[in-house]
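Okay, data.cif now, which holds mmCIF, C-alpha atoms and all ligand atoms:
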data_input
loop_
_atom_site.group_PDB
_atom_site.id
_atom_site.type_symbol
_atom_site.label_atom_id
_atom_site.label_comp_id
_atom_site.auth_asym_id
_atom_site.auth_seq_id
_atom_site.Cartn_x
_atom_site.Cartn_y
_atom_site.Cartn_z
ATOM 1 C CA MET X 76 -74.596 117.386 -10.023
ATOM 2 C CA THR X 77 -77.029 118.656 -7.396
ATOM 3 C CA ILE X 78 -79.357 116.309 -5.534
ATOM 4 C CA LEU X 79 -82.325 117.737 -7.422
ATOM 5 C CA GLU X 80 -80.557 117.261 -10.767
ATOM 6 C CA SER X 81 -79.777 113.692 -9.799
ATOM 7 C CA LEU X 82 -83.465 113.085 -9.100
ATOM 8 C CA GLN X 83 -84.393 114.701 -12.404
ATOM 9 C CA GLN X 84 -81.884 112.642 -14.347
ATOM 10 C CA CYS X 85 -81.831 109.331 -12.479
ATOM 11 C CA LYS X 86 -84.745 107.089 -13.158
ATOM 12 C CA ARG X 87 -84.489 105.040 -9.977
ATOM 13 C CA THR X 88 -83.406 106.503 -6.646
ATOM 14 C CA LEU X 89 -84.018 104.559 -3.454
ATOM 15 C CA GLY X 90 -84.407 106.711 -0.363
ATOM 16 C CA ILE X 91 -83.597 104.888 2.856
ATOM 17 C CA LEU X 92 -85.376 106.733 5.647
ATOM 18 C CA VAL X 93 -83.630 106.759 8.990
ATOM 19 C CA ASP X 94 -85.381 108.278 11.974
ATOM 20 C CA PRO X 95 -82.700 109.275 14.512
ATOM 21 C CA GLU X 96 -85.206 108.725 17.305
ATOM 22 C CA LYS X 97 -85.559 105.101 16.340
ATOM 23 C CA LEU X 98 -81.896 104.260 15.672
ATOM 24 C CA ASP X 99 -79.507 104.805 18.574
ATOM 25 C CA VAL X 100 -76.048 106.077 17.752
ATOM 26 C CA GLU X 101 -74.796 102.961 19.577
ATOM 27 C CA ASP X 102 -76.497 100.819 16.911
ATOM 28 C CA PHE X 103 -74.517 102.443 14.114
ATOM 29 C CA SER X 104 -71.977 99.694 13.723
ATOM 30 C CA ALA X 105 -74.737 97.080 13.327
ATOM 31 C CA PHE X 106 -76.499 99.398 10.893
ATOM 32 C CA ALA X 107 -73.296 100.008 8.918
ATOM 33 C CA LYS X 108 -72.563 96.290 8.714
ATOM 34 C CA ALA X 109 -76.076 95.467 7.555
ATOM 35 C CA MET X 110 -76.103 98.280 4.996
ATOM 36 C CA SER X 111 -72.766 97.276 3.495
ATOM 37 C CA SER X 112 -74.260 93.983 2.363
ATOM 38 C CA THR X 113 -77.818 95.204 1.759
ATOM 39 C CA ILE X 114 -77.065 98.197 -0.465
ATOM 40 C CA PRO X 115 -75.295 96.304 -3.278
ATOM 41 C CA GLN X 116 -78.070 93.703 -3.319
ATOM 42 C CA LEU X 117 -80.818 96.322 -3.451
ATOM 43 C CA THR X 118 -78.971 98.218 -6.166
ATOM 44 C CA LYS X 119 -78.779 95.129 -8.311
ATOM 45 C CA ALA X 120 -82.271 93.798 -7.638
ATOM 46 C CA LEU X 121 -83.978 97.142 -8.248
ATOM 47 C CA GLU X 122 -81.613 98.358 -10.994
ATOM 48 C CA LEU X 123 -81.062 101.509 -8.975
ATOM 49 C CA ASN X 124 -79.251 104.566 -10.266
ATOM 50 C CA GLN X 125 -78.553 105.823 -6.774
ATOM 51 C CA ILE X 126 -79.382 105.500 -3.086
ATOM 52 C CA ILE X 127 -79.662 108.417 -0.708
ATOM 53 C CA PHE X 128 -80.373 108.523 3.009
ATOM 54 C CA LEU X 129 -83.289 110.576 4.265
ATOM 55 C CA LEU X 130 -83.049 111.688 7.871
ATOM 56 C CA GLY X 131 -85.993 112.808 9.933
ATOM 57 C CA GLY X 132 -89.267 111.971 11.540
ATOM 58 C CA SER X 133 -92.605 113.510 12.421
ATOM 59 C CA THR X 134 -92.075 113.322 16.161
ATOM 60 C CA MET X 135 -88.310 113.845 16.504
ATOM 61 C CA THR X 136 -87.531 116.537 19.078
ATOM 62 C CA ASP X 137 -84.452 116.130 21.234
ATOM 63 C CA VAL X 138 -81.950 114.538 18.921
ATOM 64 C CA ASN X 139 -78.612 116.305 18.459
ATOM 65 C CA LEU X 140 -78.850 116.216 14.693
ATOM 66 C CA ASP X 141 -75.366 117.647 13.981
ATOM 67 C CA TYR X 142 -73.666 115.008 16.106
ATOM 68 C CA TRP X 143 -75.885 112.298 14.709
ATOM 69 C CA ILE X 144 -75.084 113.245 11.104
ATOM 70 C CA ASP X 145 -71.353 113.422 11.856
ATOM 71 C CA GLU X 146 -71.527 109.874 13.195
ATOM 72 C CA PHE X 147 -73.518 108.812 10.171
ATOM 73 C CA ARG X 148 -70.871 110.273 7.869
ATOM 74 C CA LYS X 149 -68.410 107.799 9.324
ATOM 75 C CA ILE X 150 -70.375 104.877 7.906
ATOM 76 C CA THR X 151 -71.507 106.144 4.525
ATOM 77 C CA GLU X 152 -70.488 108.408 1.684
ATOM 78 C CA LEU X 153 -74.024 108.459 0.336
ATOM 79 C CA LYS X 154 -75.890 111.753 0.285
ATOM 80 C CA LEU X 155 -77.794 112.686 3.446
ATOM 81 C CA VAL X 156 -81.003 114.622 2.910
ATOM 82 C CA LEU X 157 -83.098 116.000 5.754
ATOM 83 C CA PHE X 158 -86.753 115.021 5.780
ATOM 84 C CA PRO X 159 -87.888 117.357 8.546
ATOM 85 C CA GLY X 160 -91.021 117.049 10.616
ATOM 86 C CA SER X 161 -90.531 120.597 11.900
ATOM 87 C CA HIS X 162 -88.335 123.696 11.541
ATOM 88 C CA ARG X 163 -86.179 122.402 14.380
ATOM 89 C CA GLN X 164 -84.892 119.562 12.220
ATOM 90 C CA VAL X 165 -82.368 121.612 10.271
ATOM 91 C CA SER X 166 -78.657 120.838 10.270
ATOM 92 C CA GLU X 167 -75.901 122.356 8.200
ATOM 93 C CA HIS X 168 -74.125 119.037 8.386
ATOM 94 C CA ALA X 169 -76.510 117.373 5.912
ATOM 95 C CA ASP X 170 -76.239 117.675 2.128
ATOM 96 C CA GLY X 171 -79.786 118.695 1.386
ATOM 97 C CA LEU X 172 -83.249 119.263 2.752
ATOM 98 C CA LEU X 173 -86.694 118.455 1.426
ATOM 99 C CA PHE X 174 -88.485 121.759 2.043
ATOM 100 C CA LEU X 175 -91.878 120.205 2.603
ATOM 101 C CA ASN X 176 -95.230 121.864 1.997
ATOM 102 C CA LEU X 177 -98.077 119.708 3.267
ATOM 103 C CA ILE X 178 -100.356 120.560 0.362
ATOM 104 C CA SER X 179 -102.879 117.805 1.081
ATOM 105 C CA GLY X 180 -103.709 119.585 4.350
ATOM 106 C CA ARG X 181 -105.176 122.943 5.214
ATOM 107 C CA ASN X 182 -103.127 123.726 8.274
ATOM 108 C CA PRO X 183 -101.254 127.002 7.670
ATOM 109 C CA GLN X 184 -98.565 125.940 10.124
ATOM 110 C CA TYR X 185 -97.446 123.226 7.672
ATOM 111 C CA LEU X 186 -98.093 125.289 4.547
ATOM 112 C CA ILE X 187 -96.097 128.374 5.570
ATOM 113 C CA GLY X 188 -95.569 128.568 9.354
ATOM 114 C CA GLU X 189 -92.815 125.963 9.715
ATOM 115 C CA GLN X 190 -91.171 127.222 6.532
ATOM 116 C CA VAL X 191 -90.964 130.791 7.847
ATOM 117 C CA ALA X 192 -89.677 129.519 11.180
ATOM 118 C CA ALA X 193 -86.897 127.627 9.357
ATOM 119 C CA ALA X 194 -85.965 130.537 7.083
ATOM 120 C CA SER X 195 -83.540 132.310 9.397
ATOM 121 C CA ARG X 196 -81.354 129.207 9.506
ATOM 122 C CA LEU X 197 -81.786 128.424 5.829
ATOM 123 C CA ARG X 198 -81.069 131.857 4.398
ATOM 124 C CA GLU X 199 -77.356 131.611 5.033
ATOM 125 C CA SER X 200 -77.143 127.877 4.689
ATOM 126 C CA ALA X 201 -75.269 125.913 2.069
ATOM 127 C CA LEU X 202 -77.830 123.107 2.227
ATOM 128 C CA GLN X 203 -79.366 122.125 -1.098
ATOM 129 C CA ILE X 204 -82.988 123.025 -0.523
ATOM 130 C CA ILE X 205 -85.558 121.116 -2.549
ATOM 131 C CA PRO X 206 -89.087 122.572 -2.461
ATOM 132 C CA THR X 207 -91.339 119.542 -2.204
ATOM 133 C CA GLY X 208 -95.127 119.327 -2.325
ATOM 134 C CA TYR X 209 -96.056 116.693 0.245
ATOM 135 C CA ILE X 210 -99.327 114.862 -0.320
ATOM 136 C CA LEU X 211 -100.583 112.574 2.410
ATOM 137 C CA VAL X 212 -102.781 109.753 1.131
ATOM 138 C CA ASP X 213 -104.735 107.526 3.512
ATOM 139 C CA GLY X 214 -102.643 104.454 4.276
ATOM 140 C CA GLY X 215 -105.225 102.575 6.348
ATOM 141 C CA VAL X 216 -103.871 103.606 9.758
ATOM 142 C CA GLU X 217 -103.548 107.016 11.375
ATOM 143 C CA SER X 218 -100.126 108.305 10.419
ATOM 144 C CA ALA X 219 -97.786 110.342 12.584
ATOM 145 C CA VAL X 220 -97.884 113.072 9.926
ATOM 146 C CA SER X 221 -101.659 113.278 10.203
ATOM 147 C CA ARG X 222 -101.554 113.286 14.004
ATOM 148 C CA VAL X 223 -98.794 115.879 14.324
ATOM 149 C CA SER X 224 -100.064 118.186 11.578
ATOM 150 C CA GLY X 225 -103.713 117.886 12.545
ATOM 151 C CA THR X 226 -104.618 117.276 8.900
ATOM 152 C CA ALA X 227 -106.551 114.448 7.312
ATOM 153 C CA PRO X 228 -105.018 112.386 4.511
ATOM 154 C CA LEU X 229 -106.623 112.373 1.090
ATOM 155 C CA SER X 230 -108.713 109.324 0.297
ATOM 156 C CA PRO X 231 -107.117 107.154 -2.397
ATOM 157 C CA GLN X 232 -110.612 106.793 -3.823
ATOM 158 C CA ASN X 233 -110.763 110.525 -4.488
ATOM 159 C CA GLU X 234 -108.369 110.392 -7.406
ATOM 160 C CA GLU X 235 -109.432 113.696 -8.900
ATOM 161 C CA LEU X 236 -108.581 115.550 -5.700
ATOM 162 C CA ILE X 237 -105.174 113.866 -5.529
ATOM 163 C CA LEU X 238 -104.453 114.624 -9.186
ATOM 164 C CA ASN X 239 -105.539 118.237 -8.817
ATOM 165 C CA THR X 240 -103.483 118.616 -5.648
ATOM 166 C CA ALA X 241 -100.437 117.242 -7.474
ATOM 167 C CA VAL X 242 -100.904 119.565 -10.443
ATOM 168 C CA ALA X 243 -101.466 122.567 -8.172
ATOM 169 C CA GLY X 244 -98.341 121.621 -6.216
ATOM 170 C CA ALA X 245 -96.295 121.554 -9.411
ATOM 171 C CA LEU X 246 -97.778 124.831 -10.678
ATOM 172 C CA MET X 247 -96.939 126.484 -7.363
ATOM 173 C CA GLY X 248 -93.286 125.876 -8.122
ATOM 174 C CA ASN X 249 -92.465 122.815 -6.078
ATOM 175 C CA GLN X 250 -89.502 120.971 -7.581
ATOM 176 C CA CYS X 251 -90.644 117.498 -6.441
ATOM 177 C CA LEU X 252 -93.870 115.903 -5.302
ATOM 178 C CA TYR X 253 -93.996 113.298 -2.545
ATOM 179 C CA LEU X 254 -96.960 110.893 -2.431
ATOM 180 C CA GLU X 255 -96.916 109.656 1.166
ATOM 181 C CA ALA X 256 -99.049 106.888 2.664
ATOM 182 C CA GLY X 257 -97.398 107.432 6.076
ATOM 183 C CA SER X 258 -94.662 105.478 7.771
ATOM 184 C CA GLY X 259 -95.858 101.990 8.612
ATOM 185 C CA ALA X 260 -98.932 102.308 6.385
ATOM 186 C CA LYS X 261 -101.066 99.247 5.833
ATOM 187 C CA VAL X 262 -101.915 100.346 2.328
ATOM 188 C CA SER X 263 -99.275 102.027 0.209
ATOM 189 C CA VAL X 264 -99.942 104.475 -2.609
ATOM 190 C CA SER X 265 -101.098 102.281 -5.480
ATOM 191 C CA GLU X 266 -99.196 101.853 -8.729
ATOM 192 C CA HIS X 267 -102.314 103.099 -10.489
ATOM 193 C CA LEU X 268 -102.250 106.381 -8.574
ATOM 194 C CA VAL X 269 -98.485 106.762 -9.019
ATOM 195 C CA SER X 270 -98.906 106.267 -12.739
ATOM 196 C CA ARG X 271 -101.754 108.775 -13.021
ATOM 197 C CA VAL X 272 -99.858 111.456 -11.102
ATOM 198 C CA ALA X 273 -96.615 110.761 -12.988
ATOM 199 C CA ASP X 274 -98.447 111.237 -16.282
ATOM 200 C CA LEU X 275 -99.555 114.722 -15.227
ATOM 201 C CA ILE X 276 -96.386 116.278 -13.849
ATOM 202 C CA GLN X 277 -92.912 116.914 -15.183
ATOM 203 C CA ILE X 278 -91.096 117.126 -11.856
ATOM 204 C CA PRO X 279 -89.654 114.124 -9.946
ATOM 205 C CA LEU X 280 -92.210 112.035 -8.094
ATOM 206 C CA ILE X 281 -91.312 110.520 -4.723
ATOM 207 C CA VAL X 282 -93.433 107.701 -3.278
ATOM 208 C CA GLY X 283 -93.249 106.200 0.190
ATOM 209 C CA GLY X 284 -95.063 104.652 3.119
ATOM 210 C CA GLY X 285 -95.948 101.016 3.691
ATOM 211 C CA LEU X 286 -93.652 99.466 1.091
ATOM 212 C CA TYR X 287 -92.114 96.278 2.427
ATOM 213 C CA THR X 288 -90.968 94.159 -0.525
ATOM 214 C CA LEU X 289 -88.739 94.572 -3.554
ATOM 215 C CA LYS X 290 -91.701 93.779 -5.742
ATOM 216 C CA GLU X 291 -93.781 96.599 -4.273
ATOM 217 C CA ILE X 292 -90.903 99.050 -4.685
ATOM 218 C CA LYS X 293 -90.155 97.932 -8.224
ATOM 219 C CA HIS X 294 -93.801 98.382 -9.224
ATOM 220 C CA ARG X 295 -93.734 102.023 -7.994
ATOM 221 C CA PHE X 296 -90.649 102.696 -10.116
ATOM 222 C CA ASP X 297 -92.291 101.005 -13.081
ATOM 223 C CA ALA X 298 -95.369 103.194 -12.566
ATOM 224 C CA GLY X 299 -93.285 106.375 -12.840
ATOM 225 C CA ALA X 300 -91.783 107.207 -9.445
ATOM 226 C CA GLN X 301 -88.252 108.624 -9.666
ATOM 227 C CA MET X 302 -87.634 107.966 -5.986
ATOM 228 C CA VAL X 303 -89.131 105.365 -3.662
ATOM 229 C CA VAL X 304 -88.647 105.699 0.100
ATOM 230 C CA VAL X 305 -88.457 102.807 2.519
ATOM 231 C CA GLY X 306 -88.044 103.092 6.281
ATOM 232 C CA THR X 307 -90.026 100.676 8.424
ATOM 233 C CA ALA X 308 -88.970 97.545 6.524
ATOM 234 C CA ILE X 309 -85.311 98.316 7.270
ATOM 235 C CA GLU X 310 -85.971 99.488 10.843
ATOM 236 C CA ARG X 311 -87.633 96.164 11.570
ATOM 237 C CA ASN X 312 -84.832 94.145 10.039
ATOM 238 C CA LEU X 313 -81.475 95.733 9.402
ATOM 239 C CA ASN X 314 -80.574 92.797 7.190
ATOM 240 C CA TRP X 315 -83.593 93.462 4.999
ATOM 241 C CA LYS X 316 -83.098 92.280 1.471
ATOM 242 C CA GLY X 317 -86.664 92.984 0.403
HETATM 243 C C1 LIG X 401 -92.401 107.658 5.574
HETATM 244 O O1 LIG X 401 -92.470 107.281 3.275
HETATM 245 C C2 LIG X 401 -91.725 107.065 4.404
HETATM 246 O O2 LIG X 401 -92.363 109.020 5.525
HETATM 247 C C3 LIG X 401 -91.367 105.625 4.646
HETATM 248 O O3 LIG X 401 -92.443 104.873 5.113
HETATM 249 O O4 LIG X 401 -91.571 103.676 7.102
HETATM 250 O O5 LIG X 401 -93.563 102.821 5.853
HETATM 251 O O6 LIG X 401 -91.293 102.663 4.853
HETATM 252 P P1 LIG X 401 -92.203 103.433 5.748
#

Would you put the structure from the file into structure tokens?
Ligand code: 1GP
Amino acid sequence: MTILESLQQCKRTLGILVDPEKLDVEDFSAFAKAMSSTIPQLTKALELNQIIFLLGGSTMTDVNLDYWIDEFRKITELKLVLFPGSHRQVSEHADGLLFLNLISGRNPQYLIGEQVAAASRLRESALQIIPTGYILVDGGVESAVSRVSGTAPLSPQNEELILNTAVAGALMGNQCLYLEAGSGAKVSVSEHLVSRVADLIQIPLIVGGGLYTLKEIKHRFDAGAQMVVVGTAIERNLNWKG
């Protein structure tokens, strides 16, 4: 089964976001130890169908991604999916790649420029490439995505614009949609908004940014998200149990 098929068929996928700039390779053993006890607990508490690791970050530049992924492989057999902040964050050593289109913004660099720049490496790659419409929703603090892309997030109050952006993203052929409040957001994407978007689209919905408790994650699944992403909560406390 491909990663995309697993998202289409699995009702509850947890994405654990790891930013290689924030986790030193030297910390891997601590990370591995923490994950070995955390993952079974999260799986049970959230009734998960699967967990995958997302790798990437908006500001990552000088990390040797191939080496980093090889080290990561030593501690997990879970799928590793790239979540790139730029065309430079491509590695054949991963399993898949979210091919992000920042459709909430109007910066051509993040609508087509980065994608074209990545194409020469992707055209002969065996990576599973998942076209993903990426919608940045205001999370109450300026996000790295907003800063780096030079685009403003959509206001959560402007529901119609978010819904229309989601529908347009699906009609353009994206295979997933990602509702993103930004890493470390104060306000996550609400269950209400998740539910309204989920009702309108037939492709997997990913939700992330500012989710810190099991309850918050569970409510996003209940509202219709196929995949919920958590990063900061685990970065802050490797023994996070939600
Ligand atoms: C960010 O959605 C992810 O792209 C995860 O956000 O770090 O706030 O969990 P957090």

Could you produce a table of the residues of segment 104-170 of chain X lying within 9 Å of segment 215-226 of chain X, with the nearest pair of atoms per residue and their separation in Å rounded to one decimal, using only C-alpha atoms, ordered by chain and increasing residue number, as JSON lines?
{"residue": "X:Gly132", "atom": "CA", "partner": "X:Ala219", "partner_atom": "CA", "distance": 8.7}
{"residue": "X:Ser133", "atom": "CA", "partner": "X:Val220", "partner_atom": "CA", "distance": 5.9}
{"residue": "X:Thr134", "atom": "CA", "partner": "X:Ala219", "partner_atom": "CA", "distance": 7.4}
{"residue": "X:Gly160", "atom": "CA", "partner": "X:Val220", "partner_atom": "CA", "distance": 8.0}

Name every residue that the PyMOL selection byres (((not hetatm)) within 7 of (chain X and resi 401)) selects in this structure, writing the answer as a short mmCIF file (atom, residue, chain, number, x, y, z; two decimals) with C-alpha atoms, keeping the file's coordinate frame with chains first and numbers rising.
data_model
loop_
_atom_site.label_atom_id
_atom_site.label_comp_id
_atom_site.auth_asym_id
_atom_site.auth_seq_id
_atom_site.Cartn_x
_atom_site.Cartn_y
_atom_site.Cartn_z
CA LEU X 92 -85.38 106.73 5.65
CA GLU X 255 -96.92 109.66 1.17
CA ALA X 256 -99.05 106.89 2.66
CA GLY X 257 -97.40 107.43 6.08
CA SER X 258 -94.66 105.48 7.77
CA GLY X 259 -95.86 101.99 8.61
CA ALA X 260 -98.93 102.31 6.38
CA VAL X 282 -93.43 107.70 -3.28
CA GLY X 283 -93.25 106.20 0.19
CA GLY X 284 -95.06 104.65 3.12
CA GLY X 285 -95.95 101.02 3.69
CA LEU X 286 -93.65 99.47 1.09
CA TYR X 287 -92.11 96.28 2.43
CA VAL X 304 -88.65 105.70 0.10
CA VAL X 305 -88.46 102.81 2.52
CA GLY X 306 -88.04 103.09 6.28
CA THR X 307 -90.03 100.68 8.42
CA ALA X 308 -88.97 97.54 6.52
#

Quick one: 4 Å padding each side, axis-aligned, all listed atoms of segment 206-217 of chain X - centre and edge lengths in Å to one decimal, as JSON?
{"center_x": -97.2, "center_y": 112.6, "center_z": 4.5, "size_x": 24.1, "size_y": 28.0, "size_z": 21.8}

Original post:
Please, what distance in Å, to one decimal, runs between atom CA of Leu289 of chain X and atom CA of Trp315 of chain X?
Top reply: 10.0 Å

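From atom CA of Ile114 of chain X back to atom CA of Leu252 of chain X, the distance works out to 24.9 Å.
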
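Distance annotation: of X:Ile178, X:Val269, X:Leu313, X:Ala193, the residue with the minimal separation from Ala245 of chain X is X:Ile178; atom set is only C-alpha atoms.
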
Subject >> Who sits within 7 Å of Leu129 of chain X, only C-alpha atoms, same chain under 6 positions skipped, as a ChimeraX atom specification >> reply: /X:90-93,155-158

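Coordinates place atom CA of Gln164 of chain X at a distance of 21.2 Å from atom CA of Thr77 of chain X.
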